[in-house]
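Engineer: Sharing run.cif here; it has mmCIF, N, CA and C atoms and all ligand atoms.
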data_query
#
loop_
_atom_site.label_atom_id
_atom_site.label_comp_id
_atom_site.auth_asym_id
_atom_site.auth_seq_id
_atom_site.Cartn_x
_atom_site.Cartn_y
_atom_site.Cartn_z
N MET A 170 8.69 19.11 12.09
CA MET A 170 7.64 18.22 12.59
C MET A 170 6.85 17.61 11.43
N SER A 171 6.63 16.35 11.52
CA SER A 171 5.82 15.71 10.49
C SER A 171 4.37 15.66 10.96
N ARG A 172 3.51 16.03 10.05
CA ARG A 172 2.10 16.00 10.37
C ARG A 172 1.61 14.57 10.42
N LYS A 173 0.88 14.25 11.45
CA LYS A 173 0.36 12.89 11.55
C LYS A 173 -0.96 12.80 10.80
N SER A 174 -0.93 12.03 9.72
CA SER A 174 -2.16 11.83 8.98
C SER A 174 -2.56 10.36 9.08
N LYS A 175 -3.77 10.19 9.53
CA LYS A 175 -4.27 8.83 9.69
C LYS A 175 -4.67 8.29 8.32
N LYS A 176 -4.11 7.15 7.99
CA LYS A 176 -4.46 6.55 6.70
C LYS A 176 -5.00 5.15 6.90
N TYR A 177 -5.98 4.84 6.09
CA TYR A 177 -6.52 3.49 6.11
C TYR A 177 -6.03 2.72 4.91
N GLY A 178 -5.81 1.46 5.11
CA GLY A 178 -5.33 0.65 3.99
C GLY A 178 -5.55 -0.83 4.22
N CYS A 179 -4.86 -1.59 3.40
CA CYS A 179 -4.99 -3.05 3.43
C CYS A 179 -4.44 -3.63 4.74
N PRO A 180 -5.23 -4.42 5.45
CA PRO A 180 -4.75 -5.02 6.69
C PRO A 180 -3.70 -6.11 6.47
N HIS A 181 -3.54 -6.52 5.22
CA HIS A 181 -2.57 -7.59 4.93
C HIS A 181 -1.19 -7.03 4.58
N CYS A 182 -1.17 -6.03 3.68
CA CYS A 182 0.13 -5.54 3.20
C CYS A 182 0.33 -4.05 3.43
N GLU A 183 -0.64 -3.37 4.06
CA GLU A 183 -0.54 -1.95 4.40
C GLU A 183 -0.51 -1.02 3.18
N ASN A 184 -0.94 -1.53 2.04
CA ASN A 184 -1.12 -0.68 0.87
C ASN A 184 -2.27 0.30 1.15
N THR A 185 -2.10 1.55 0.72
CA THR A 185 -3.14 2.54 1.00
C THR A 185 -3.83 3.08 -0.24
N GLU A 186 -3.41 2.62 -1.42
CA GLU A 186 -4.05 3.10 -2.64
C GLU A 186 -4.27 1.97 -3.64
N GLY A 187 -5.49 1.89 -4.15
CA GLY A 187 -5.80 0.91 -5.17
C GLY A 187 -6.52 -0.30 -4.62
N PHE A 188 -7.86 -0.21 -4.61
CA PHE A 188 -8.67 -1.29 -4.08
C PHE A 188 -9.86 -1.55 -4.98
N THR A 189 -10.47 -2.69 -4.79
CA THR A 189 -11.69 -3.02 -5.51
C THR A 189 -12.77 -3.34 -4.49
N GLU A 190 -13.95 -2.76 -4.70
CA GLU A 190 -15.06 -2.99 -3.80
C GLU A 190 -16.12 -3.82 -4.52
N ALA A 191 -16.59 -4.88 -3.86
CA ALA A 191 -17.64 -5.71 -4.45
C ALA A 191 -18.96 -4.96 -4.40
N ASN A 192 -19.57 -4.77 -5.56
CA ASN A 192 -20.82 -4.04 -5.66
C ASN A 192 -21.91 -4.90 -6.27
N VAL A 193 -23.13 -4.50 -5.99
CA VAL A 193 -24.27 -5.09 -6.68
C VAL A 193 -25.06 -3.96 -7.30
N LEU A 194 -25.66 -4.24 -8.43
CA LEU A 194 -26.53 -3.26 -9.06
C LEU A 194 -27.59 -3.95 -9.89
N ASN A 195 -28.64 -3.20 -10.17
CA ASN A 195 -29.75 -3.76 -10.93
C ASN A 195 -29.52 -3.59 -12.43
N ALA A 196 -30.02 -4.54 -13.17
CA ALA A 196 -29.93 -4.47 -14.62
C ALA A 196 -31.23 -4.98 -15.23
N ASP A 197 -31.60 -4.36 -16.34
CA ASP A 197 -32.75 -4.83 -17.10
C ASP A 197 -32.26 -5.57 -18.34
N ALA A 198 -32.59 -6.86 -18.40
CA ALA A 198 -32.17 -7.66 -19.55
C ALA A 198 -33.25 -7.65 -20.62
N SER A 199 -32.83 -7.48 -21.86
CA SER A 199 -33.77 -7.51 -22.97
C SER A 199 -34.16 -8.95 -23.29
N VAL A 200 -35.46 -9.21 -23.28
CA VAL A 200 -35.96 -10.54 -23.62
C VAL A 200 -36.60 -10.48 -25.00
N LEU A 201 -36.07 -11.30 -25.90
CA LEU A 201 -36.58 -11.33 -27.26
C LEU A 201 -37.98 -11.93 -27.30
N ASN A 202 -38.09 -13.10 -26.72
CA ASN A 202 -39.38 -13.78 -26.62
C ASN A 202 -39.27 -14.91 -25.60
N PHE A 203 -40.31 -15.71 -25.49
CA PHE A 203 -40.29 -16.83 -24.55
C PHE A 203 -40.38 -18.15 -25.31
N ASP A 204 -39.64 -19.13 -24.83
CA ASP A 204 -39.67 -20.42 -25.52
C ASP A 204 -40.90 -21.22 -25.09
N ARG A 205 -41.00 -22.48 -25.55
CA ARG A 205 -42.20 -23.28 -25.32
C ARG A 205 -42.40 -23.64 -23.84
N GLU A 206 -41.31 -23.53 -23.07
CA GLU A 206 -41.43 -23.76 -21.63
C GLU A 206 -41.70 -22.46 -20.87
N GLY A 207 -41.80 -21.40 -21.63
CA GLY A 207 -42.04 -20.11 -20.98
C GLY A 207 -40.78 -19.46 -20.45
N GLU A 208 -39.63 -20.03 -20.84
CA GLU A 208 -38.37 -19.43 -20.40
C GLU A 208 -37.93 -18.34 -21.38
N PRO A 209 -37.36 -17.28 -20.85
CA PRO A 209 -36.99 -16.17 -21.72
C PRO A 209 -35.82 -16.48 -22.64
N ASN A 210 -35.93 -16.02 -23.87
CA ASN A 210 -34.80 -15.99 -24.81
C ASN A 210 -34.25 -14.58 -24.78
N TYR A 211 -33.06 -14.48 -24.27
CA TYR A 211 -32.48 -13.16 -24.10
C TYR A 211 -31.95 -12.60 -25.41
N ALA A 212 -32.16 -11.32 -25.58
CA ALA A 212 -31.68 -10.65 -26.79
C ALA A 212 -30.19 -10.39 -26.72
N GLY A 213 -29.63 -10.53 -25.57
CA GLY A 213 -28.17 -10.36 -25.42
C GLY A 213 -27.75 -8.98 -24.98
N GLU A 214 -28.73 -8.18 -24.59
CA GLU A 214 -28.39 -6.85 -24.13
C GLU A 214 -29.00 -6.59 -22.76
N SER A 215 -28.25 -5.92 -21.93
CA SER A 215 -28.75 -5.54 -20.62
C SER A 215 -28.49 -4.07 -20.38
N GLU A 216 -29.46 -3.44 -19.76
CA GLU A 216 -29.28 -2.04 -19.39
C GLU A 216 -29.02 -1.97 -17.90
N ILE A 217 -27.87 -1.43 -17.57
CA ILE A 217 -27.48 -1.36 -16.17
C ILE A 217 -27.95 -0.06 -15.54
N ASP A 218 -28.58 -0.19 -14.39
CA ASP A 218 -29.02 0.99 -13.64
C ASP A 218 -27.89 1.39 -12.69
N TRP A 219 -27.05 2.30 -13.15
CA TRP A 219 -25.86 2.68 -12.36
C TRP A 219 -26.23 3.34 -11.06
N ASN A 220 -27.41 3.92 -10.97
CA ASN A 220 -27.82 4.58 -9.73
C ASN A 220 -28.12 3.58 -8.62
N SER A 221 -28.25 2.30 -8.99
CA SER A 221 -28.57 1.29 -8.00
C SER A 221 -27.31 0.65 -7.42
N GLN A 222 -26.16 1.12 -7.85
CA GLN A 222 -24.90 0.50 -7.43
C GLN A 222 -24.64 0.71 -5.94
N THR A 223 -24.52 -0.40 -5.22
CA THR A 223 -24.25 -0.34 -3.77
C THR A 223 -23.28 -1.43 -3.37
N LEU A 224 -22.78 -1.31 -2.17
CA LEU A 224 -21.89 -2.31 -1.61
C LEU A 224 -22.61 -3.65 -1.49
N ASP A 225 -21.95 -4.71 -1.89
CA ASP A 225 -22.53 -6.05 -1.82
C ASP A 225 -22.54 -6.53 -0.36
N GLN A 226 -23.73 -6.52 0.23
CA GLN A 226 -23.87 -6.89 1.65
C GLN A 226 -23.76 -8.38 1.87
N ASN A 227 -23.83 -9.16 0.81
CA ASN A 227 -23.76 -10.61 0.94
C ASN A 227 -22.34 -11.14 0.88
N THR A 228 -21.40 -10.26 0.65
CA THR A 228 -20.01 -10.67 0.61
C THR A 228 -19.36 -10.39 1.96
N ALA A 229 -18.74 -11.43 2.51
CA ALA A 229 -18.13 -11.30 3.84
C ALA A 229 -16.97 -10.30 3.81
N GLU A 230 -16.17 -10.37 2.76
CA GLU A 230 -15.02 -9.48 2.64
C GLU A 230 -15.13 -8.71 1.32
N PRO A 231 -15.84 -7.57 1.35
CA PRO A 231 -16.17 -6.87 0.10
C PRO A 231 -15.01 -6.10 -0.52
N TYR A 232 -13.91 -5.93 0.21
CA TYR A 232 -12.81 -5.14 -0.35
C TYR A 232 -11.65 -6.04 -0.73
N ARG A 233 -11.04 -5.71 -1.87
CA ARG A 233 -9.87 -6.46 -2.31
C ARG A 233 -8.74 -5.48 -2.62
N CYS A 234 -7.58 -5.86 -2.15
CA CYS A 234 -6.40 -5.01 -2.34
C CYS A 234 -5.80 -5.31 -3.71
N ASP A 235 -5.59 -4.25 -4.50
CA ASP A 235 -5.00 -4.44 -5.83
C ASP A 235 -3.54 -4.85 -5.73
N ALA A 236 -2.89 -4.47 -4.64
CA ALA A 236 -1.46 -4.75 -4.50
C ALA A 236 -1.19 -6.22 -4.17
N CYS A 237 -1.87 -6.75 -3.15
CA CYS A 237 -1.58 -8.13 -2.72
C CYS A 237 -2.67 -9.11 -3.14
N GLY A 238 -3.80 -8.59 -3.59
CA GLY A 238 -4.87 -9.44 -4.09
C GLY A 238 -5.73 -10.09 -3.02
N LYS A 239 -5.48 -9.74 -1.75
CA LYS A 239 -6.25 -10.34 -0.67
C LYS A 239 -7.48 -9.52 -0.35
N SER A 240 -8.52 -10.21 0.14
CA SER A 240 -9.76 -9.55 0.49
C SER A 240 -9.81 -9.25 1.98
N PHE A 241 -10.62 -8.24 2.32
CA PHE A 241 -10.77 -7.91 3.74
C PHE A 241 -12.12 -7.28 4.00
N VAL A 242 -12.53 -7.28 5.28
CA VAL A 242 -13.84 -6.76 5.67
C VAL A 242 -13.83 -5.24 5.70
N LYS A 243 -12.88 -4.69 6.44
CA LYS A 243 -12.74 -3.24 6.56
C LYS A 243 -11.26 -2.89 6.52
N PRO A 244 -10.95 -1.70 6.01
CA PRO A 244 -9.54 -1.30 6.03
C PRO A 244 -9.09 -1.02 7.46
N SER A 245 -7.82 -1.19 7.70
CA SER A 245 -7.28 -0.89 9.02
C SER A 245 -6.34 0.30 8.93
N ILE A 246 -6.11 0.92 10.06
CA ILE A 246 -5.22 2.08 10.09
C ILE A 246 -3.79 1.61 9.82
N VAL A 247 -3.20 2.24 8.82
CA VAL A 247 -1.84 1.87 8.44
C VAL A 247 -0.87 2.83 9.12
N PRO A 248 0.12 2.31 9.80
CA PRO A 248 1.10 3.18 10.44
C PRO A 248 1.82 4.04 9.41
N HIS A 249 1.93 5.32 9.73
CA HIS A 249 2.56 6.24 8.79
C HIS A 249 4.06 6.06 8.84
N THR A 250 4.59 5.42 7.81
CA THR A 250 6.01 5.09 7.84
C THR A 250 6.86 6.15 7.16
N ARG A 251 6.32 6.72 6.08
CA ARG A 251 7.10 7.70 5.33
C ARG A 251 7.10 9.05 6.02
N ARG A 252 8.24 9.61 6.19
CA ARG A 252 8.39 10.92 6.83
C ARG A 252 8.05 12.03 5.86
N GLU A 253 7.19 12.94 6.32
CA GLU A 253 6.91 14.11 5.51
C GLU A 253 7.92 15.18 5.84
N LYS A 254 8.48 15.78 4.82
CA LYS A 254 9.48 16.80 5.05
C LYS A 254 8.86 18.06 5.61
N SER A 255 9.50 18.65 6.57
CA SER A 255 9.01 19.89 7.13
C SER A 255 9.42 21.06 6.24
N ALA A 256 8.54 22.05 6.15
CA ALA A 256 8.80 23.16 5.24
C ALA A 256 9.90 24.08 5.78
ZN ZN B 301 -2.81 -5.73 0.38
#
Represent the structure of the file as structure tokens.

Structural biologist:
Amino acid sequence: MSRKSKKYGCPHCENTEGFTEANVLNADASVLNFDREGEPNYAGESEIDWNSQTLDQNTAEPYRCDACGKSFVKPSIVPHTRREKSA
């Protein structure tokens, strides 16, 4: 008997491993000084607050499949095609 394991994956190509999730996070940019218009002159360094990393809610399809390159909203259940050998 093969154990039925529910797997989620890409709704386009049924890939189940290797995805990219669109994230947003906060960063503090170093400002060297301000120009005559009061606009910042950046020092060229930013400190990223990794604890602020979250799913990008402004993206309609935040997940991208590494295999087919297509984006999707949520993963779908992929039919288990490969047979698991019984012990
Ligand atoms: Zn895919």

Engineer: If we count only C-alpha atoms and set the cut-off at 7 Å, which residues sit around Cys234 of chain A, ignoring sequence neighbours fewer than 3 positions away in its own chain? Please answer as a list in words.

Structural biologist: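 Once the nearby chain positions are removed, what remains is Cys179, Gly187, Phe188, Thr189, Cys237, Gly238, Lys239 and Ser240 of chain A.
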
Engineer: What does the distance between atom C of Pro244 of chain A and atom N of Tyr177 of chain A come to in Å, to one decimal place?

Structural biologist: 6.8 Å

Engineer: So, counting only C-alpha atoms, which residue among A:His181, A:Ile246, A:Ala196, A:Ala191 is closest to Trp219 of chain A?

Structural biologist: A:Ala196

Engineer: I'd like the interatomic distance between atom CA of Lys176 of chain A and atom CA of Glu230 of chain A, to a tenth of an Å.

Structural biologist: 19.6 Å

Engineer: Can you tell me how far atom CA of Leu194 of chain A sits from atom C of Gly207 of chain A, in Å to one decimal?

Structural biologist: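 For atom CA of Leu194 of chain A relative to atom C of Gly207 of chain A, the distance reads 24.4 Å.
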
Engineer: For each of A:Thr228, A:Asn195, A:Thr185, A:Asn202, take the minimum atom-to-atom distance to ligand ZN 301 (chain B), counting all atoms listed in the file, then give the residue where this is smallest.

Structural biologist: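 When distances to ligand ZN 301 (chain B) are compared using all atoms listed in the file, the smallest one comes from A:Thr185.
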
Engineer: From a backbone DSSP assignment, name each residue in chain A labelled strand (DSSP E), as a PyMOL selection string.

Structural biologist: chain A and resi 176-178+188-190+192-203+209-224+232-234+240-241+245-247

Engineer: Smallest atom-to-atom distance to ligand ZN 301 (chain B): which of A:Arg233, A:Pro209, A:Lys243, A:Val193, using all atoms listed in the file?

Structural biologist: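 The answer is A:Arg233, which sits nearest to ligand ZN 301 (chain B).
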
Engineer: Of the residues A:Asp235, A:Asp225, A:Glu208, A:Pro248, which is the one nearest to ligand ZN 301 (chain B), using only N, CA and C atoms and all ligand atoms?

Structural biologist: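 Of A:Asp235, A:Asp225, A:Glu208, A:Pro248, the one nearest ligand ZN 301 (chain B) is A:Asp235, counting only N, CA and C atoms and all ligand atoms.
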
Engineer: From the options A:Ser245, A:Asn184, A:Ser221, A:Ser174, which residue's atoms come nearest to ligand ZN 301 (chain B), counting only N, CA and C atoms and all ligand atoms?

Structural biologist: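 Checking each candidate against ligand ZN 301 (chain B), we get A:Asn184 as the closest.
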
Engineer: Need to verify the contact set: segment 199-201 of chain A, 6.5 Å, only N, CA and C atoms, exclusion of same-chain residues closer than 6 positions in sequence. Can you return it as a list in words?

Structural biologist: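 Listed by chain and then number, they are Pro209, Asn210, Tyr211, Ala212, Gly213, Glu214, Ser215 and Glu216 of chain A.
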
Engineer: Mind giving me the axis-aligned box for segment 192-202 of chain A with 4 Å on every side, centre plus edges in Å to one decimal, as lines of an AutoDock Vina configuration file?

Structural biologist:
center_x = -29.5
center_y = -9.1
center_z = -16.4
size_x = 27.8
size_y = 19.7
size_z = 29.7

Engineer: For Leu224 of chain A, please output as a list in words all residues within 7 Å (counting only N, CA and C atoms; exclusion window: fewer than 2 positions along the same chain).

Structural biologist: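 Near neighbours after the sequence-gap exclusion: Glu190, Ala191, Asn192, Val193, Gln222, Gln226 and Asn227 of chain A.
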
Engineer: Would you please work out which residue, of A:Ala229, A:Val247, A:Ala236, A:Val242, is nearest to ligand ZN 301 (chain B) when using all atoms listed in the file?

Structural biologist: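 Once distances to ligand ZN 301 (chain B) are computed over all atoms listed in the file, the minimum belongs to A:Ala236.
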